[in-house]
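Enquirer: See coords27.txt below, with compact mmCIF, C-alpha atoms.
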# COMPACT_ATOMS: atom_id res chain seq x y z
CA MET A 24 46.96 -9.08 -2.01
CA LYS A 25 48.14 -5.54 -2.61
CA PHE A 26 50.39 -3.40 -0.46
CA THR A 27 51.48 0.18 -0.01
CA ALA A 28 54.25 1.57 2.16
CA SER A 29 55.01 4.89 3.78
CA ASP A 30 57.60 6.24 6.17
CA GLN A 31 56.17 8.31 9.00
CA ALA A 32 56.87 9.04 12.64
CA GLY A 33 60.20 7.23 12.58
CA GLN A 34 58.88 3.94 11.24
CA THR A 35 57.92 2.23 8.01
CA SER A 36 54.24 1.34 7.73
CA ILE A 37 53.20 -1.33 5.22
CA SER A 38 49.48 -1.61 4.59
CA LEU A 39 48.16 -4.86 3.11
CA SER A 40 44.78 -5.28 1.43
CA GLY A 41 42.78 -8.19 0.04
CA ASN A 42 43.56 -11.78 1.01
CA LEU A 43 46.85 -13.05 2.42
CA THR A 44 47.11 -16.64 1.23
CA PHE A 45 49.54 -19.02 -0.43
CA ASP A 46 48.62 -17.50 -3.79
CA ASP A 47 50.17 -14.22 -2.60
CA HIS A 48 53.64 -15.53 -1.72
CA GLU A 49 55.29 -13.98 -4.79
CA THR A 50 53.74 -10.56 -4.12
CA PHE A 51 54.65 -10.83 -0.44
CA LYS A 52 58.34 -10.95 -1.40
CA GLY A 53 57.97 -7.22 -2.05
CA VAL A 54 56.76 -6.73 1.52
CA VAL A 55 59.74 -8.66 2.87
CA LYS A 56 62.09 -6.52 0.77
CA LEU A 57 60.55 -3.35 2.23
CA VAL A 58 60.98 -4.75 5.74
CA GLU A 59 64.63 -5.58 5.14
CA GLU A 60 65.44 -2.28 3.43
CA SER A 61 63.53 0.06 5.76
CA ARG A 62 65.66 2.97 6.90
CA TYR A 63 64.00 2.76 10.29
CA GLY A 64 64.39 0.19 13.04
CA SER A 65 60.63 -0.19 13.40
CA VAL A 66 58.27 -1.63 10.79
CA VAL A 67 54.50 -2.02 11.19
CA ILE A 68 52.39 -4.25 8.97
CA ASP A 69 48.83 -2.94 8.94
CA LEU A 70 46.26 -5.69 8.40
CA SER A 71 43.16 -3.49 8.71
CA ARG A 72 42.26 -3.99 5.03
CA VAL A 73 43.04 -7.71 4.90
CA GLN A 74 39.82 -9.67 4.48
CA MET A 75 41.16 -13.21 4.89
CA ILE A 76 44.38 -14.90 6.01
CA ASP A 77 45.28 -18.59 5.92
CA SER A 78 48.11 -20.60 7.44
CA ALA A 79 50.41 -19.69 4.56
CA GLY A 80 49.71 -16.01 5.28
CA ILE A 81 50.67 -16.55 8.92
CA GLY A 82 53.85 -18.23 7.70
CA MET A 83 54.65 -15.25 5.47
CA LEU A 84 54.27 -12.88 8.41
CA LEU A 85 56.63 -15.10 10.43
CA LEU A 86 59.13 -15.03 7.55
CA ALA A 87 58.92 -11.22 7.48
CA ASN A 88 59.57 -11.20 11.22
CA ASP A 89 62.63 -13.44 10.82
CA ARG A 90 63.99 -11.18 8.08
CA ALA A 91 63.31 -8.09 10.20
CA ARG A 92 65.28 -9.55 13.09
CA ALA A 93 68.14 -10.51 10.79
CA ALA A 94 68.22 -6.86 9.65
CA ALA A 95 68.16 -5.62 13.28
CA LYS A 96 64.62 -4.27 12.96
CA THR A 97 61.46 -4.72 15.02
CA LEU A 98 58.33 -5.87 13.21
CA ARG A 99 54.85 -5.32 14.65
CA ILE A 100 51.42 -6.09 13.25
CA GLY A 101 48.23 -4.17 13.77
CA GLY A 102 44.74 -3.40 12.59
CA ALA A 103 43.49 -6.97 12.29
CA ALA A 104 39.75 -7.40 12.76
CA GLY A 105 37.07 -10.04 12.36
CA SER A 106 38.17 -13.39 10.99
CA VAL A 107 41.73 -12.15 10.47
CA GLN A 108 41.99 -11.28 14.17
CA LYS A 109 40.53 -14.68 15.06
CA VAL A 110 43.16 -16.52 12.98
CA ILE A 111 45.90 -14.44 14.62
CA GLU A 112 44.55 -15.28 18.07
CA VAL A 113 44.16 -19.01 17.35
CA SER A 114 47.66 -19.21 15.84
CA ARG A 115 49.06 -17.21 18.78
CA LEU A 116 50.94 -15.03 16.31
CA HIS A 117 51.17 -12.21 18.88
CA ASP A 118 53.38 -14.48 20.98
CA LEU A 119 55.99 -14.10 18.24
CA ILE A 120 55.18 -10.75 16.60
CA PRO A 121 54.01 -7.98 18.92
CA ALA A 122 50.91 -5.92 18.24
CA ALA A 123 51.31 -2.37 17.02
Once more with this new file: its structure as structure tokens, please.

Expert:
Amino acid sequence: MKFTASDQAGQTSISLSGNLTFDDHETFKGVVKLVEESRYGSVVIDLSRVQMIDSAGIGMLLLANDRARAAAKTLRIGGAAGSVQKVIEVSRLHDLIPAA
């Protein structure tokens, strides 16, 4: 997994690419840090370039959401398609993290 971040339109946007799996948990710590340190109250994680996500990836997104809330920020996810969208639907992730 790789990620890039940008601040635009009053929010921080973090774009992930590649796979989001257990093997990426160390790299994902950088995403969590960006969420916590965002100067804006709104953070969007863009999954449009993520090709595959497993249960550990879902757990990492939930961790980012918990950290966002602890920092008084709102986290949203967007851009998921194909199998990534299917995993999000089956896990009911949008019940806990709203769509962007």

Enquirer: Using all atoms listed in the file for the distances, tell me which of A:Ala122, A:Met24, A:Ala87, A:Leu116 is nearest to Arg99 in chain A.

Expert: A:Ala122

Enquirer: Within 10 Å of range 25-30 of chain A, which residues of range 62-113 of chain A come that close, and what is the closest atom pair and distance in Å for each? Count all atoms listed in the file and give it as CSV.

Expert:
residue,atom,partner,partner_atom,distance
A:Arg62,CA,A:Asp30,CA,8.7
A:Tyr63,CA,A:Asp30,CA,8.4
A:Val66,CA,A:Asp30,CA,9.2
A:Val67,CA,A:Ala28,CA,9.7
A:Ile68,CA,A:Ala28,CA,9.1
A:Asp69,CA,A:Phe26,CA,9.5
A:Arg72,CA,A:Lys25,CA,9.8
A:Val73,CA,A:Lys25,CA,9.3

Enquirer: Excluding Val113 in chain A and its own-chain neighbours fewer than 6 positions away, which residues fall within 12 Å of it when counting only C-alpha atoms? Please give them as a PDB file with C-alpha atoms, in the coordinates of the input.

Expert:
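Generated file (around.pdb):
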ATOM      1  CA  ASP A  77      45.280 -18.590   5.920  1.00  0.00           C
ATOM      2  CA  SER A  78      48.110 -20.600   7.440  1.00  0.00           C
ATOM      3  CA  ILE A  81      50.670 -16.550   8.920  1.00  0.00           C
ATOM      4  CA  SER A 106      38.170 -13.390  10.990  1.00  0.00           C
ATOM      5  CA  VAL A 107      41.730 -12.150  10.470  1.00  0.00           C
TER       6      VAL A 107
END

Enquirer: Pick from A:Gly105, A:Gly64, A:Ile100, A:Ile37: nearest to Leu84 in chain A, with all atoms listed in the file counted?

Expert: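 Of the candidates, the smallest distance to Leu84 in chain A is held by A:Ile100.
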
Enquirer: CA of Ala93 in chain A to CA of His48 in chain A: how many Å, to one decimal?

Expert: 19.8 Å

Enquirer: Could you jot down the CA of Gln34 in chain A to CA of Asp89 in chain A separation for me, Å, one decimal place?

Expert: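 Going from CA of Gln34 in chain A over to CA of Asp89 in chain A covers 17.8 Å.
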
Enquirer: Which one of A:Met75, A:Ala94, A:Ile120, A:Met83 sits closest to Glu49 in chain A if you count all atoms listed in the file?

Expert: A:Met83

Enquirer: Which one is closest to Ala79 in chain A: A:Glu59, A:Glu112, A:Asp46, A:Asp118? Count all atoms listed in the file.

Expert: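 Checking each candidate against Ala79 in chain A, we get A:Asp46 as the closest.
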
Enquirer: Kindly give the distance, in Å, that separates CA of Thr44 in chain A and CA of Ser114 in chain A, rounded to a single decimal.

Expert: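 Atom-to-atom, CA of Thr44 in chain A to CA of Ser114 in chain A, that is 14.8 Å.
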
Enquirer: Considering only C-alpha atoms, state which residue in the set A:Thr50, A:Ser61, A:Gln31, A:Asn42 is at the smallest distance from Leu98 in chain A.

Expert: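 Nearest to Leu98 in chain A: A:Ser61.
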
Enquirer: Check the smallest atom-to-atom distance from each of A:Ser65, A:Ile76, A:Glu60, A:Ala95 to Ser40 in chain A using only C-alpha atoms, then report the winner.

Expert: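 Of all the options, A:Ile76 lies closest to Ser40 in chain A.
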
Enquirer: Centre and edge lengths, as AutoDock Vina command-line options, for the axis-aligned box enclosing every listed atom of range 39-42 of chain A with 6 Å of padding on each of the six sides, in Å to one decimal?

Expert:
--center_x 45.5 --center_y -8.3 --center_z 1.6 --size_x 17.4 --size_y 18.9 --size_z 15.1
